[in-house]
Structure formats: C-alpha cells, structure tokens
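Trainee: Take a look at input-v9.csv, CSV, C-alpha atoms:
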```
chain,number,residue,atom,x,y,z
A,208,MET,CA,29.3,-70.8,36.3
A,209,PHE,CA,28.2,-68.5,33.5
A,210,ASP,CA,27.2,-65.1,34.8
A,211,PHE,CA,24.9,-63.2,32.4
A,212,LYS,CA,24.2,-59.6,33.2
A,213,GLY,CA,21.4,-57.8,31.5
A,214,PRO,CA,21.9,-54.4,29.9
A,215,SER,CA,22.3,-51.4,32.1
A,216,LEU,CA,19.5,-48.9,32.4
A,217,LYS,CA,21.5,-46.6,30.2
A,218,ASP,CA,21.8,-49.2,27.5
A,219,ARG,CA,18.1,-50.1,27.7
A,220,ARG,CA,16.7,-46.6,27.3
A,221,PRO,CA,17.2,-46.2,23.5
A,222,PHE,CA,15.4,-49.5,22.9
A,223,GLU,CA,12.6,-48.5,25.1
A,224,VAL,CA,12.2,-45.2,23.2
A,225,ILE,CA,12.2,-47.1,19.8
A,226,ASP,CA,9.7,-49.6,21.2
A,227,SER,CA,7.4,-46.9,22.4
A,228,ARG,CA,7.4,-45.1,19.0
A,229,GLN,CA,6.7,-48.4,17.3
A,230,MET,CA,3.9,-49.1,19.7
A,231,ASP,CA,2.4,-45.7,19.0
A,232,HIS,CA,2.5,-46.6,15.3
A,233,LEU,CA,0.9,-49.9,15.9
A,234,ARG,CA,-1.9,-48.3,18.0
A,235,VAL,CA,-2.5,-45.9,15.1
A,236,PHE,CA,-2.7,-48.7,12.6
A,237,HIS,CA,-5.0,-50.7,14.8
A,238,ASP,CA,-7.4,-47.7,15.3
A,239,VAL,CA,-7.4,-46.9,11.6
A,240,ALA,CA,-8.0,-50.5,10.6
A,241,ARG,CA,-10.8,-50.7,13.1
A,242,ALA,CA,-12.4,-47.6,11.6
A,243,LEU,CA,-12.1,-49.1,8.1
A,244,THR,CA,-14.0,-52.2,9.2
A,245,ALA,CA,-16.5,-50.4,11.5
A,246,SER,CA,-17.9,-48.0,8.9
A,247,LEU,CA,-18.5,-47.5,5.2
A,248,GLU,CA,-19.0,-43.8,5.6
A,249,LEU,CA,-16.1,-42.2,3.7
A,250,GLU,CA,-16.0,-38.9,5.6
A,251,GLU,CA,-16.1,-40.8,8.9
A,252,ILE,CA,-13.2,-43.0,8.0
A,253,LEU,CA,-11.1,-40.3,6.4
A,254,SER,CA,-11.6,-38.1,9.5
A,255,ALA,CA,-10.4,-41.0,11.7
A,256,ILE,CA,-7.2,-41.4,9.6
A,257,MET,CA,-6.6,-37.6,9.5
A,258,ASN,CA,-7.1,-37.2,13.2
A,259,LYS,CA,-4.6,-39.9,14.0
A,260,MET,CA,-2.1,-38.4,11.5
A,261,ALA,CA,-2.6,-35.0,13.1
A,262,GLN,CA,-2.0,-36.4,16.6
A,263,PHE,CA,1.3,-37.9,15.5
A,264,PHE,CA,2.7,-35.0,13.5
A,265,GLY,CA,1.1,-32.1,15.2
A,266,PRO,CA,0.6,-29.8,12.2
A,267,GLU,CA,-0.8,-26.3,12.6
A,268,ARG,CA,-3.0,-26.9,9.6
A,269,TRP,CA,-3.9,-30.0,7.8
A,270,SER,CA,-6.2,-31.0,5.0
A,271,MET,CA,-7.4,-33.9,2.8
A,272,LEU,CA,-8.0,-32.9,-0.8
A,273,MET,CA,-9.8,-35.2,-3.3
A,274,VAL,CA,-9.4,-35.3,-7.0
A,275,ASP,CA,-12.5,-34.3,-9.1
A,276,GLN,CA,-11.9,-36.4,-12.2
A,277,LYS,CA,-14.5,-34.4,-14.2
A,278,THR,CA,-12.8,-31.0,-13.8
A,279,ASN,CA,-9.2,-32.2,-13.1
A,280,GLU,CA,-9.2,-30.2,-9.9
A,281,LEU,CA,-8.7,-30.8,-6.2
A,282,TYR,CA,-11.3,-29.9,-3.7
A,283,TYR,CA,-11.0,-29.8,0.1
A,284,ALA,CA,-12.8,-32.8,1.6
A,285,ILE,CA,-11.5,-32.2,5.1
A,286,ALA,CA,-9.7,-29.1,6.4
A,287,VAL,CA,-8.6,-28.3,10.0
A,288,GLY,CA,-6.7,-25.3,11.4
A,289,GLU,CA,-6.5,-21.7,10.6
A,290,ASN,CA,-8.9,-20.4,8.0
A,291,ALA,CA,-10.3,-23.9,7.5
A,292,GLU,CA,-13.8,-22.5,6.7
A,293,SER,CA,-12.4,-20.3,3.9
A,294,LEU,CA,-11.1,-23.4,2.2
A,295,ARG,CA,-14.5,-25.0,1.8
A,296,GLY,CA,-15.6,-24.8,-1.8
A,297,LEU,CA,-12.1,-23.7,-2.9
A,298,ARG,CA,-10.8,-25.5,-6.0
A,299,VAL,CA,-7.1,-26.2,-6.8
A,300,PRO,CA,-6.1,-26.9,-10.4
A,301,ILE,CA,-3.9,-30.0,-10.8
A,302,GLY,CA,-0.3,-28.9,-11.0
A,303,GLU,CA,-0.8,-25.6,-9.0
A,304,GLY,CA,0.5,-25.0,-5.5
A,305,VAL,CA,1.8,-27.6,-3.1
A,306,ALA,CA,-1.1,-30.0,-3.3
A,307,GLY,CA,-1.6,-29.5,-7.0
A,308,TRP,CA,2.1,-30.4,-7.7
A,309,VAL,CA,1.9,-33.6,-5.6
A,310,ALA,CA,-1.3,-34.6,-7.3
A,311,ALA,CA,0.2,-34.0,-10.8
A,312,THR,CA,3.4,-35.8,-10.2
A,313,GLY,CA,2.3,-38.5,-7.8
A,314,ASN,CA,5.4,-37.8,-5.7
A,315,PRO,CA,5.4,-36.9,-2.0
A,316,LEU,CA,6.8,-33.5,-1.0
A,317,VAL,CA,8.6,-33.0,2.3
A,318,VAL,CA,10.2,-29.6,3.0
A,319,PRO,CA,11.3,-29.3,6.6
A,320,ASP,CA,12.2,-25.6,6.2
A,321,VAL,CA,10.8,-23.8,3.2
A,322,ARG,CA,13.5,-21.1,3.6
A,323,LEU,CA,16.1,-23.6,2.5
A,324,ASP,CA,14.3,-24.6,-0.7
A,325,PRO,CA,14.4,-21.8,-3.4
A,326,HIS,CA,11.2,-22.9,-5.2
A,327,TRP,CA,9.0,-23.3,-2.1
A,328,ALA,CA,10.6,-20.2,-0.5
A,329,ALA,CA,9.4,-18.2,-3.5
A,330,PHE,CA,5.9,-19.8,-3.3
A,331,SER,CA,5.7,-19.0,0.5
A,332,ALA,CA,6.8,-15.4,-0.2
A,333,LYS,CA,4.0,-15.1,-2.8
A,334,HIS,CA,1.4,-16.3,-0.3
A,335,PRO,CA,2.3,-14.8,3.0
A,336,GLU,CA,-1.2,-15.3,4.2
A,337,LEU,CA,-0.5,-19.1,4.3
A,338,ASN,CA,2.4,-18.6,6.7
A,339,ILE,CA,4.1,-21.8,5.5
A,340,GLN,CA,7.2,-22.9,7.4
A,341,SER,CA,7.3,-26.6,6.6
A,342,ILE,CA,5.4,-28.8,4.2
A,343,ALA,CA,4.6,-32.5,4.3
A,344,CYS,CA,2.3,-33.4,1.4
A,345,VAL,CA,1.7,-37.0,0.3
A,346,PRO,CA,-0.5,-38.4,-2.6
A,347,VAL,CA,-3.2,-40.9,-1.9
A,348,ARG,CA,-2.9,-43.4,-4.7
A,349,SER,CA,-4.6,-46.6,-5.9
A,350,GLY,CA,-2.5,-48.3,-8.6
A,351,ASP,CA,-1.3,-45.6,-10.9
A,352,LYS,CA,-4.1,-43.2,-10.2
A,353,THR,CA,-4.0,-40.3,-7.7
A,354,LEU,CA,-7.2,-40.2,-5.7
A,355,GLY,CA,-6.3,-37.3,-3.4
A,356,VAL,CA,-3.6,-35.5,-1.4
A,357,ILE,CA,-2.9,-35.3,2.3
A,358,GLN,CA,-1.3,-32.0,3.2
A,359,LEU,CA,0.3,-31.1,6.6
A,360,LEU,CA,1.6,-27.6,7.1
A,361,ASN,CA,4.1,-26.5,9.8
A,362,SER,CA,4.4,-30.0,11.4
A,363,LYS,CA,6.8,-31.0,14.2
A,364,LEU,CA,10.1,-30.8,12.2
A,365,ASP,CA,11.9,-33.5,14.2
A,366,LEU,CA,9.2,-36.0,13.1
A,367,LEU,CA,9.7,-35.4,9.4
A,368,SER,CA,12.3,-38.2,9.2
A,369,GLU,CA,12.4,-40.9,6.4
A,370,TYR,CA,10.8,-43.3,8.9
A,371,SER,CA,8.0,-41.0,9.7
A,372,ILE,CA,7.3,-40.2,6.1
A,373,SER,CA,7.0,-44.0,5.5
A,374,PHE,CA,4.5,-44.1,8.3
A,375,LEU,CA,2.6,-41.2,6.7
A,376,ARG,CA,2.5,-43.0,3.3
A,377,ILE,CA,1.1,-46.1,5.0
A,378,LEU,CA,-1.7,-44.0,6.4
A,379,CYS,CA,-2.3,-42.7,2.9
A,380,ASP,CA,-2.6,-46.3,1.7
A,381,TYR,CA,-5.3,-46.7,4.3
A,382,ALA,CA,-7.1,-43.6,3.0
A,383,ALA,CA,-6.9,-45.0,-0.5
A,384,ILE,CA,-8.6,-48.2,0.6
A,385,ALA,CA,-11.3,-46.2,2.3
A,386,ILE,CA,-11.9,-44.2,-0.8
A,387,GLN,CA,-12.0,-47.2,-3.1
A,388,ASN,CA,-14.4,-49.1,-0.7
A,389,ALA,CA,-16.7,-46.1,-0.5
A,390,ARG,CA,-16.8,-45.7,-4.3
A,391,SER,CA,-17.4,-49.4,-4.8
A,392,MET,CA,-20.3,-49.2,-2.3
A,393,THR,CA,-21.7,-46.2,-4.1
A,394,LEU,CA,-21.5,-48.0,-7.4
A,395,ILE,CA,-23.2,-51.1,-6.0
A,396,GLN,CA,-26.0,-49.0,-4.5
A,397,GLU,CA,-26.5,-47.2,-7.8
A,398,LEU,CA,-26.7,-50.5,-9.7
A,399,THR,CA,-29.4,-51.8,-7.3
A,400,ILE,CA,-31.6,-48.7,-7.7
A,401,THR,CA,-31.0,-48.0,-11.4
A,402,ASP,CA,-32.7,-49.3,-14.5
A,403,ASP,CA,-30.1,-50.6,-17.0
A,404,CYS,CA,-31.9,-49.4,-20.1
A,405,THR,CA,-32.7,-45.8,-19.3
A,406,GLY,CA,-30.4,-44.9,-16.4
A,407,LEU,CA,-33.5,-43.8,-14.4
A,408,PHE,CA,-34.4,-45.1,-11.0
A,409,ASN,CA,-36.1,-48.5,-11.0
A,410,ALA,CA,-39.5,-49.5,-9.6
A,411,ARG,CA,-37.9,-50.9,-6.4
A,412,HIS,CA,-36.5,-47.6,-5.6
A,413,LEU,CA,-39.8,-45.9,-6.4
A,414,TYR,CA,-41.5,-47.8,-3.6
A,415,THR,CA,-38.6,-46.9,-1.2
A,416,MET,CA,-38.9,-43.2,-2.0
A,417,LEU,CA,-42.7,-43.3,-1.7
A,418,GLU,CA,-42.5,-44.9,1.7
A,419,GLU,CA,-40.1,-42.1,2.8
A,420,GLN,CA,-42.3,-39.4,1.3
A,421,VAL,CA,-45.5,-40.7,3.0
A,422,SER,CA,-43.7,-41.1,6.3
A,423,ARG,CA,-42.8,-37.3,6.2
A,424,ARG,CA,-46.5,-36.5,5.5
A,425,GLY,CA,-45.5,-33.7,3.2
A,426,GLU,CA,-47.4,-32.9,0.0
A,427,PHE,CA,-46.2,-34.3,-3.2
A,428,SER,CA,-47.5,-35.3,-6.6
A,429,LEU,CA,-47.1,-38.5,-8.6
A,430,MET,CA,-47.1,-38.6,-12.4
A,431,PHE,CA,-47.5,-41.8,-14.5
A,432,VAL,CA,-46.6,-41.8,-18.2
A,433,ASP,CA,-47.4,-44.5,-20.8
A,434,LEU,CA,-45.9,-44.1,-24.3
A,435,ASP,CA,-48.5,-44.2,-27.0
A,436,ARG,CA,-48.2,-47.1,-29.5
A,437,PHE,CA,-44.7,-47.9,-28.4
A,438,LYS,CA,-45.1,-51.5,-29.6
A,439,SER,CA,-45.1,-50.3,-33.2
A,440,VAL,CA,-41.5,-49.2,-32.8
A,441,ASN,CA,-40.4,-52.6,-31.7
A,442,ASP,CA,-42.4,-54.3,-34.5
A,443,THR,CA,-41.1,-51.9,-37.2
A,444,HIS,CA,-37.5,-51.3,-36.1
A,445,GLY,CA,-36.7,-54.1,-33.6
A,446,HIS,CA,-36.1,-54.2,-29.9
A,447,LEU,CA,-32.6,-52.6,-29.9
A,448,ILE,CA,-34.1,-49.4,-31.5
A,449,GLY,CA,-36.9,-49.7,-29.0
A,450,SER,CA,-34.5,-49.8,-26.1
A,451,ARG,CA,-32.6,-46.8,-27.5
A,452,LEU,CA,-35.9,-44.9,-27.7
A,453,LEU,CA,-36.7,-45.7,-24.1
A,454,ALA,CA,-33.2,-44.4,-23.1
A,455,GLU,CA,-33.8,-41.1,-25.0
A,456,VAL,CA,-37.2,-40.7,-23.3
A,457,GLY,CA,-35.4,-41.2,-19.9
A,458,ASN,CA,-32.9,-38.5,-20.8
A,459,LEU,CA,-35.8,-36.2,-21.8
A,460,MET,CA,-37.5,-36.7,-18.5
A,461,ARG,CA,-34.4,-35.9,-16.6
A,462,ARG,CA,-33.9,-32.7,-18.5
A,463,SER,CA,-37.5,-31.6,-18.4
A,464,LEU,CA,-38.2,-32.4,-14.7
A,465,GLY,CA,-34.9,-31.0,-13.4
A,466,PRO,CA,-32.8,-32.2,-10.4
A,467,ALA,CA,-35.5,-31.5,-7.7
A,468,ASN,CA,-37.7,-34.2,-9.1
A,469,SER,CA,-37.1,-37.9,-9.5
A,470,ALA,CA,-37.9,-40.1,-12.6
A,471,PHE,CA,-38.4,-43.8,-12.7
A,472,ARG,CA,-38.8,-46.5,-15.3
A,473,TYR,CA,-41.8,-48.4,-13.9
A,474,GLY,CA,-41.7,-51.3,-16.4
A,475,GLY,CA,-42.0,-51.7,-20.2
A,476,ASP,CA,-42.8,-48.3,-21.7
A,477,GLU,CA,-44.3,-46.9,-18.5
A,478,PHE,CA,-42.5,-44.2,-16.5
A,479,VAL,CA,-43.2,-42.5,-13.2
A,480,ALA,CA,-42.1,-39.1,-11.9
A,481,MET,CA,-42.2,-38.0,-8.2
A,482,LEU,CA,-42.7,-34.3,-7.6
A,483,PRO,CA,-41.8,-33.5,-4.0
A,484,GLY,CA,-43.5,-30.5,-2.4
A,485,MET,CA,-45.7,-29.9,-5.4
A,486,GLY,CA,-49.4,-29.4,-5.0
A,487,LYS,CA,-51.8,-30.1,-7.8
A,488,ALA,CA,-51.6,-26.7,-9.6
A,489,ALA,CA,-47.8,-26.8,-9.8
A,490,ALA,CA,-47.8,-30.4,-10.7
A,491,ILE,CA,-50.2,-29.9,-13.6
A,492,GLY,CA,-47.9,-27.2,-15.0
A,493,THR,CA,-44.9,-29.6,-14.8
A,494,THR,CA,-46.8,-32.4,-16.3
A,495,LYS,CA,-48.1,-30.2,-19.2
A,496,ALA,CA,-44.5,-29.1,-19.8
A,497,LEU,CA,-43.3,-32.7,-20.1
A,498,TRP,CA,-46.2,-33.6,-22.3
A,499,GLU,CA,-45.2,-30.7,-24.7
A,500,ASP,CA,-41.5,-31.6,-24.6
A,501,LEU,CA,-42.3,-35.2,-25.4
A,502,ARG,CA,-44.5,-34.3,-28.4
A,503,ARG,CA,-42.0,-31.7,-29.8
A,504,THR,CA,-38.8,-33.7,-29.5
A,505,PRO,CA,-37.6,-35.8,-32.5
A,506,PHE,CA,-36.2,-39.1,-31.3
A,507,LEU,CA,-33.5,-41.5,-32.7
A,508,GLU,CA,-32.0,-39.0,-35.1
A,509,GLY,CA,-28.6,-40.7,-34.3
A,510,ALA,CA,-30.0,-43.9,-35.7
A,511,GLY,CA,-31.1,-42.2,-39.0
A,512,LEU,CA,-34.7,-41.9,-37.8
A,513,SER,CA,-36.7,-38.9,-36.6
A,514,LEU,CA,-39.7,-40.3,-34.6
A,515,SER,CA,-42.4,-38.2,-33.1
A,516,LEU,CA,-43.8,-39.5,-29.9
A,517,SER,CA,-46.6,-38.8,-27.5
A,518,GLY,CA,-47.8,-40.2,-24.1
A,519,SER,CA,-50.7,-40.7,-21.9
A,520,PHE,CA,-50.2,-38.9,-18.5
A,521,GLY,CA,-51.9,-39.6,-15.2
A,522,LEU,CA,-51.4,-37.3,-12.2
A,523,ALA,CA,-52.4,-37.6,-8.5
A,524,THR,CA,-51.5,-35.6,-5.4
A,525,TYR,CA,-50.8,-36.8,-1.9
A,526,PRO,CA,-52.6,-36.8,0.4
A,527,GLU,CA,-55.8,-35.5,-1.2
A,528,ASP,CA,-55.9,-38.3,-3.9
A,529,GLY,CA,-54.5,-41.1,-1.6
A,530,ASN,CA,-53.0,-41.0,1.8
A,531,THR,CA,-51.0,-44.3,1.6
A,532,VAL,CA,-48.4,-45.6,-0.9
A,533,GLN,CA,-50.8,-48.0,-2.5
A,534,ALA,CA,-53.6,-45.4,-2.6
A,535,ILE,CA,-51.6,-42.7,-4.3
A,536,LEU,CA,-50.1,-45.2,-6.8
A,537,ARG,CA,-53.6,-46.5,-7.7
A,538,SER,CA,-54.9,-42.9,-8.2
A,539,ALA,CA,-52.1,-41.9,-10.6
A,540,ASP,CA,-52.3,-45.2,-12.4
A,541,GLU,CA,-56.1,-44.9,-12.8
A,542,MET,CA,-55.6,-41.4,-14.3
A,543,MET,CA,-53.1,-42.7,-16.8
A,544,TYR,CA,-55.5,-45.3,-18.0
A,545,GLU,CA,-58.2,-42.6,-18.3
A,546,ALA,CA,-55.7,-40.6,-20.5
A,547,LYS,CA,-55.2,-43.7,-22.6
A,548,THR,CA,-58.8,-43.7,-23.7
A,549,THR,CA,-57.9,-40.8,-26.1
A,550,ARG,CA,-54.1,-41.1,-25.9
A,551,ASP,CA,-51.8,-38.1,-26.1
A,552,ASN,CA,-53.6,-36.6,-23.1
A,553,VAL,CA,-53.3,-35.7,-19.5
A,554,ALA,CA,-55.7,-36.8,-16.8
A,555,VAL,CA,-55.7,-35.4,-13.3
A,556,ALA,CA,-57.3,-37.0,-10.2
A,557,GLY,CA,-60.5,-35.0,-9.4
A,558,ARG,CA,-60.4,-33.1,-12.7
A,559,GLY,CA,-60.4,-35.7,-15.4
A,560,LEU,CA,-58.9,-35.1,-18.9
A,561,LEU,CA,-57.2,-31.8,-19.5
A,562,MET,CA,-56.8,-31.9,-23.3
A,563,GLU,CA,-60.0,-31.7,-25.4
A,564,ARG,CA,-58.6,-33.9,-28.0
A,565,ALA,CA,-55.4,-35.7,-29.0
A,566,LYS,CA,-53.2,-33.5,-31.2
A,567,LEU,CA,-51.3,-36.4,-32.9
A,568,PRO,CA,-53.7,-38.9,-34.5
A,569,THR,CA,-50.7,-41.3,-35.0
A,570,ALA,CA,-48.7,-41.3,-31.8
A,571,ILE,CA,-45.4,-42.5,-33.3
A,572,ARG,CA,-44.5,-41.5,-36.8
A,573,SER,CA,-41.3,-40.9,-38.8
A,574,SER,CA,-40.7,-37.7,-40.6
A,575,ARG,CA,-38.2,-39.3,-43.0
```
In structure tokens, how does this file's structure come out?

Mentor:
Amino acid sequence: MFDFKGPSLKDRRPFEVIDSRQMDHLRVFHDVARALTASLELEEILSAIMNKMAQFFGPERWSMLMVDQKTNELYYAIAVGENAESLRGLRVPIGEGVAGWVAATGNPLVVPDVRLDPHWAAFSAKHPELNIQSIACVPVRSGDKTLGVIQLLNSKLDLLSEYSISFLRILCDYAAIAIQNARSMTLIQELTITDDCTGLFNARHLYTMLEEQVSRRGEFSLMFVDLDRFKSVNDTHGHLIGSRLLAEVGNLMRRSLGPANSAFRYGGDEFVAMLPGMGKAAAIGTTKALWEDLRRTPFLEGAGLSLSLSGSFGLATYPEDGNTVQAILRSADEMMYEAKTTRDNVAVAGRGLLMERAKLPTAIRSSR
C-alpha cells in the first residue's frame, strides 16, 4: 500500500509565506482595479493607487509627479510625508533631481542605500534637508511617452527586490491607465461643450451654465453680440473665409473678456458672453470695451485681407431684467435686436441705445 506523507510544517512554511505575499499583491491589484472602474476622478484613482503602494513599501515620504507637456516640467500631483505642503506648487525641470532624471530617461531608479552610489550620495549630500537614505522612483508611461513619476523615499529596504520592483511597475501601469482614461474623458467633455469653428463654448453649454447661475441666485449679466453685415463676407470671400473670421472673433472675445467670463457661439454669427458677478454698471463697461476692440481690430490679415468689423450688442442683468433662464435670455436678445436698428451699437435693458449713432456706416470693409 502506497503511503503518501504530506510535507512537514517546516517544509510548508516557505510556501505559506510566498502565498501570503502573492495574496497581498492580488488584493492590491483587486482594490486598484476596482478603483479604476468605480470612478473617473483622476485624483481619487491616483490616491487609491498611491495609498496601496505606500502600505506595501512603507516609505517615509512618497509622491506622484505629473509631466506638464507645455513647460516640460514635473509638478507634484500628490505628496505625502514630511514637508508635503512645501512641495505643492513646486516645479521640477525634466532631467533634474531624482524624479527629473527618471522622467527624462524613462528608466526606473532603485537605490537601496544612497551611501553606496557615488552619484546619488553626492546628490543627497547637496540636499541634506531631504534626508534621503533610499530611493525607489519609477516612471508612469503610456507607449513611449512618460506621463509622470512615482517616487518613494526611504522605503523598507528588504522590499526593494526585483520582484517588488516589478510589482511597483505594474502599479505604475495602473496609474497610466487612470491618467489616459481621465484625459480621454476630459477631451470628450470638451468636445461636447465646444463649438468646432470658434473654440468657444456652444449653445448647449450656455444653457447648462445659465441654469447653474440662476440656481445660485447671484447677480450676473448676459451679453448678446450679432456681427453686422456678416453675410457680405461669405458672399464676397466664401464660407471658408467666413469661418476663419468667426474663429478670429472668438479669439478676440476670449482676450477681451478675460478668464473670469465665458464666451459662447450661439449660432451663425451670433455670440453670447456671460459675466458672473457683474452688475449693470460693470457689465456696461465690459461691453463697451469689447465693442471698441471689435471695431479697432483688423481681421484676416493672415489671409491677405484686413477687414474692419462691428457688431450689435445687447445687454441684460439678472435678476432685475429677468429672473429665469428664459427671461434673461429674452431680455438680452431683445436688446441686441434694438441695437440692430442702427447697427454698430450697444443697447442695455432699461436704458436703451448707448451710442448716439453708428461710427462705421459700412460695417465690414477692407482697407486693401
């Protein structure tokens, strides 16, 4: 009779330890995957990934730095540990320091003891305030592009094995998925609220923002703009030139109104501006400034033209000129149509036309 004896307790123990470590990893992967599918909020997902990573490696300080593609710098998206608050707003040029080197090369950096590495020993000596004893820094990559860097300082040295670093890189892959998903969602959202021709917000988003403003019951003003004799541009120069003109007007509105106010293409050659927190007096000043900017700006110089342009402006203020979305829209629209009776004018609810006469008898003309 065959007598099979199982492994002794002594023989089983190493396997139990390995299984326990693997189960810890699987739990982390499960929790991170659940976070990826439960939320589209980038900071929430990255925090979940980083917290799991911190639990496993036990660093004194850890951070997630993101690449700013415009400036070619790293900025701290998440930072935990000593002096974490001082890191907020700090920028790290690509190629400088630990994180900058990893971001520039796309290679992970693991230094269990900086005293044994001449380069990082020198770096640590130059920055005693960082108190760096060990470094684990891994790039977050999508394809051949580095999206960010995860940096762990003074981790548990016995966990910085090849196996553990592979585990760390897998978590970085999760972070890359989260970042790409968040960027895709941001792009999709931007496309749904943006006008293709001008890059301004579209009419759908105008109604959404108006509902939000009215629900807050705070004062704001609404400006309508209709370009004078815009049809003559399409008739003379074609629709492509007309579209370029609309785009240039959109850019002018953004510059003139500033980041605190929102501009929309309402349809055709009609535009709308929302001026949050502006009462009538302040809104009249802003509207007059845009009216002047529109008249003084030469358009389509890049196309070999130099067109002068004017508009008919209507202005109304919530809640005195309308206390609902439809009422304030109607008031501003009615003022715009009153301005169109003379063109090149501004009409304000409760005050009528502001300009005595139009300054440009021909609203669109070429100086060449």

Trainee: Do you have the atom CA of Val287 of chain A-atom CA of Pro315 of chain A distance handy?

Mentor: 20.3 Å

Trainee: Using only C-alpha atoms, can you tell me which of A:Asn314, A:Gln420, A:Asn258, A:Thr493 comes closest to Leu378 of chain A?

Mentor: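 When distances to Leu378 of chain A are compared using only C-alpha atoms, the smallest one comes from A:Asn258.
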
Trainee: Enumerate, in order of chain and increasing residue number, the residues of segment 442-485 of chain A with an atom no farther than 8 Å from segment 424-435 of chain A, each with its shortest atom pair and distance in Å to one decimal, counting only C-alpha atoms, as JSON lines.

Mentor:
```
{"residue": "A:Asp476", "atom": "CA", "partner": "A:Leu434", "partner_atom": "CA", "distance": 5.8}
{"residue": "A:Glu477", "atom": "CA", "partner": "A:Asp433", "partner_atom": "CA", "distance": 4.5}
{"residue": "A:Phe478", "atom": "CA", "partner": "A:Val432", "partner_atom": "CA", "distance": 5.0}
{"residue": "A:Val479", "atom": "CA", "partner": "A:Phe431", "partner_atom": "CA", "distance": 4.5}
{"residue": "A:Ala480", "atom": "CA", "partner": "A:Met430", "partner_atom": "CA", "distance": 5.0}
{"residue": "A:Met481", "atom": "CA", "partner": "A:Leu429", "partner_atom": "CA", "distance": 4.9}
{"residue": "A:Leu482", "atom": "CA", "partner": "A:Ser428", "partner_atom": "CA", "distance": 5.0}
{"residue": "A:Pro483", "atom": "CA", "partner": "A:Phe427", "partner_atom": "CA", "distance": 4.5}
{"residue": "A:Gly484", "atom": "CA", "partner": "A:Phe427", "partner_atom": "CA", "distance": 4.7}
{"residue": "A:Met485", "atom": "CA", "partner": "A:Phe427", "partner_atom": "CA", "distance": 4.9}
```

Trainee: May I have the protein, DNA and RNA residues with an atom at most 10 Å from (-34.9, -47.0, -32.2), counting all atoms listed in the file in the file's coordinates, returned as a short mmCIF file (atom, residue, chain, number, x, y, z; two decimals) with C-alpha atoms, keeping the file's coordinate frame?

Mentor:
```
data_model
loop_
_atom_site.label_atom_id
_atom_site.label_comp_id
_atom_site.auth_asym_id
_atom_site.auth_seq_id
_atom_site.Cartn_x
_atom_site.Cartn_y
_atom_site.Cartn_z
CA VAL A 440 -41.50 -49.20 -32.80
CA ASN A 441 -40.40 -52.60 -31.70
CA THR A 443 -41.10 -51.90 -37.20
CA HIS A 444 -37.50 -51.30 -36.10
CA GLY A 445 -36.70 -54.10 -33.60
CA HIS A 446 -36.10 -54.20 -29.90
CA LEU A 447 -32.60 -52.60 -29.90
CA ILE A 448 -34.10 -49.40 -31.50
CA GLY A 449 -36.90 -49.70 -29.00
CA SER A 450 -34.50 -49.80 -26.10
CA ARG A 451 -32.60 -46.80 -27.50
CA LEU A 452 -35.90 -44.90 -27.70
CA LEU A 453 -36.70 -45.70 -24.10
CA ALA A 454 -33.20 -44.40 -23.10
CA GLU A 455 -33.80 -41.10 -25.00
CA PHE A 506 -36.20 -39.10 -31.30
CA LEU A 507 -33.50 -41.50 -32.70
CA GLU A 508 -32.00 -39.00 -35.10
CA GLY A 509 -28.60 -40.70 -34.30
CA ALA A 510 -30.00 -43.90 -35.70
CA GLY A 511 -31.10 -42.20 -39.00
CA LEU A 512 -34.70 -41.90 -37.80
CA SER A 513 -36.70 -38.90 -36.60
CA LEU A 514 -39.70 -40.30 -34.60
#
```

Trainee: Just want the 8 Å neighbourhood of Ala343 of chain A, counted on all atoms listed in the file, with same-chain residues fewer than 2 positions away dropped. Output as a CSV table (one decimal) with C-alpha atoms, keeping the file's coordinate frame.

Mentor:
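File around_5.csv, as written:
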```csv
chain,number,residue,atom,x,y,z
A,315,PRO,CA,5.4,-36.9,-2.0
A,316,LEU,CA,6.8,-33.5,-1.0
A,317,VAL,CA,8.6,-33.0,2.3
A,318,VAL,CA,10.2,-29.6,3.0
A,319,PRO,CA,11.3,-29.3,6.6
A,341,SER,CA,7.3,-26.6,6.6
A,345,VAL,CA,1.7,-37.0,0.3
A,358,GLN,CA,-1.3,-32.0,3.2
A,359,LEU,CA,0.3,-31.1,6.6
A,360,LEU,CA,1.6,-27.6,7.1
A,362,SER,CA,4.4,-30.0,11.4
A,367,LEU,CA,9.7,-35.4,9.4
```

Trainee: Between atom CA of Ser331 of chain A and atom CA of Gly288 of chain A, what is the distance, to one decimal in Å?

Mentor: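 It comes out at 17.7 Å.
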
Trainee: Just to confirm, what's the straight-line distance from atom CA of Ser349 of chain A to atom CA of Ala311 of chain A in Å (one decimal)?

Mentor: 14.3 Å

Trainee: In terms of the shortest atom-to-atom distance over only C-alpha atoms, which of A:Met273, A:Leu536, A:Arg268, A:Asp324 is closest to Asn338 of chain A?

Mentor: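 For Asn338 of chain A, the nearest of the given residues is A:Arg268.
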
Trainee: Looking at only C-alpha atoms, which of A:Pro300, A:Val553, A:Phe374, A:Ala383 is the one that sits closest to Gly350 of chain A?

Mentor: A:Ala383

Trainee: Measuring between all atoms listed in the file, which one of A:Ala488, A:Ala410, A:Ile339, A:Ala467 shows the shortest distance to Trp269 of chain A?

Mentor: A:Ile339

Trainee: Using only C-alpha atoms, find all polymer residues with an atom at most 6 Å away from the point (11.5, -23.5, 5.7); report them as a ChimeraX atom specification.

Mentor: /A:319-323,340-341

Trainee: Select, from A:Gly302, A:Gly521, A:Ala329, A:Leu253, the residue with the minimum atom-to-atom distance to Arg537 of chain A, counting only C-alpha atoms.

Mentor: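 Closest candidate: A:Gly521.
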
Trainee: Find the residues near segment 351-356 of chain A: any atom within 8 Å, counting all atoms listed in the file, skip ones fewer than 3 places away on the same chain, and give them as an NGL selection string.

Mentor: :A and (271-274 or 281 or 306 or 309-310 or 313 or 344-348 or 383 or 386)
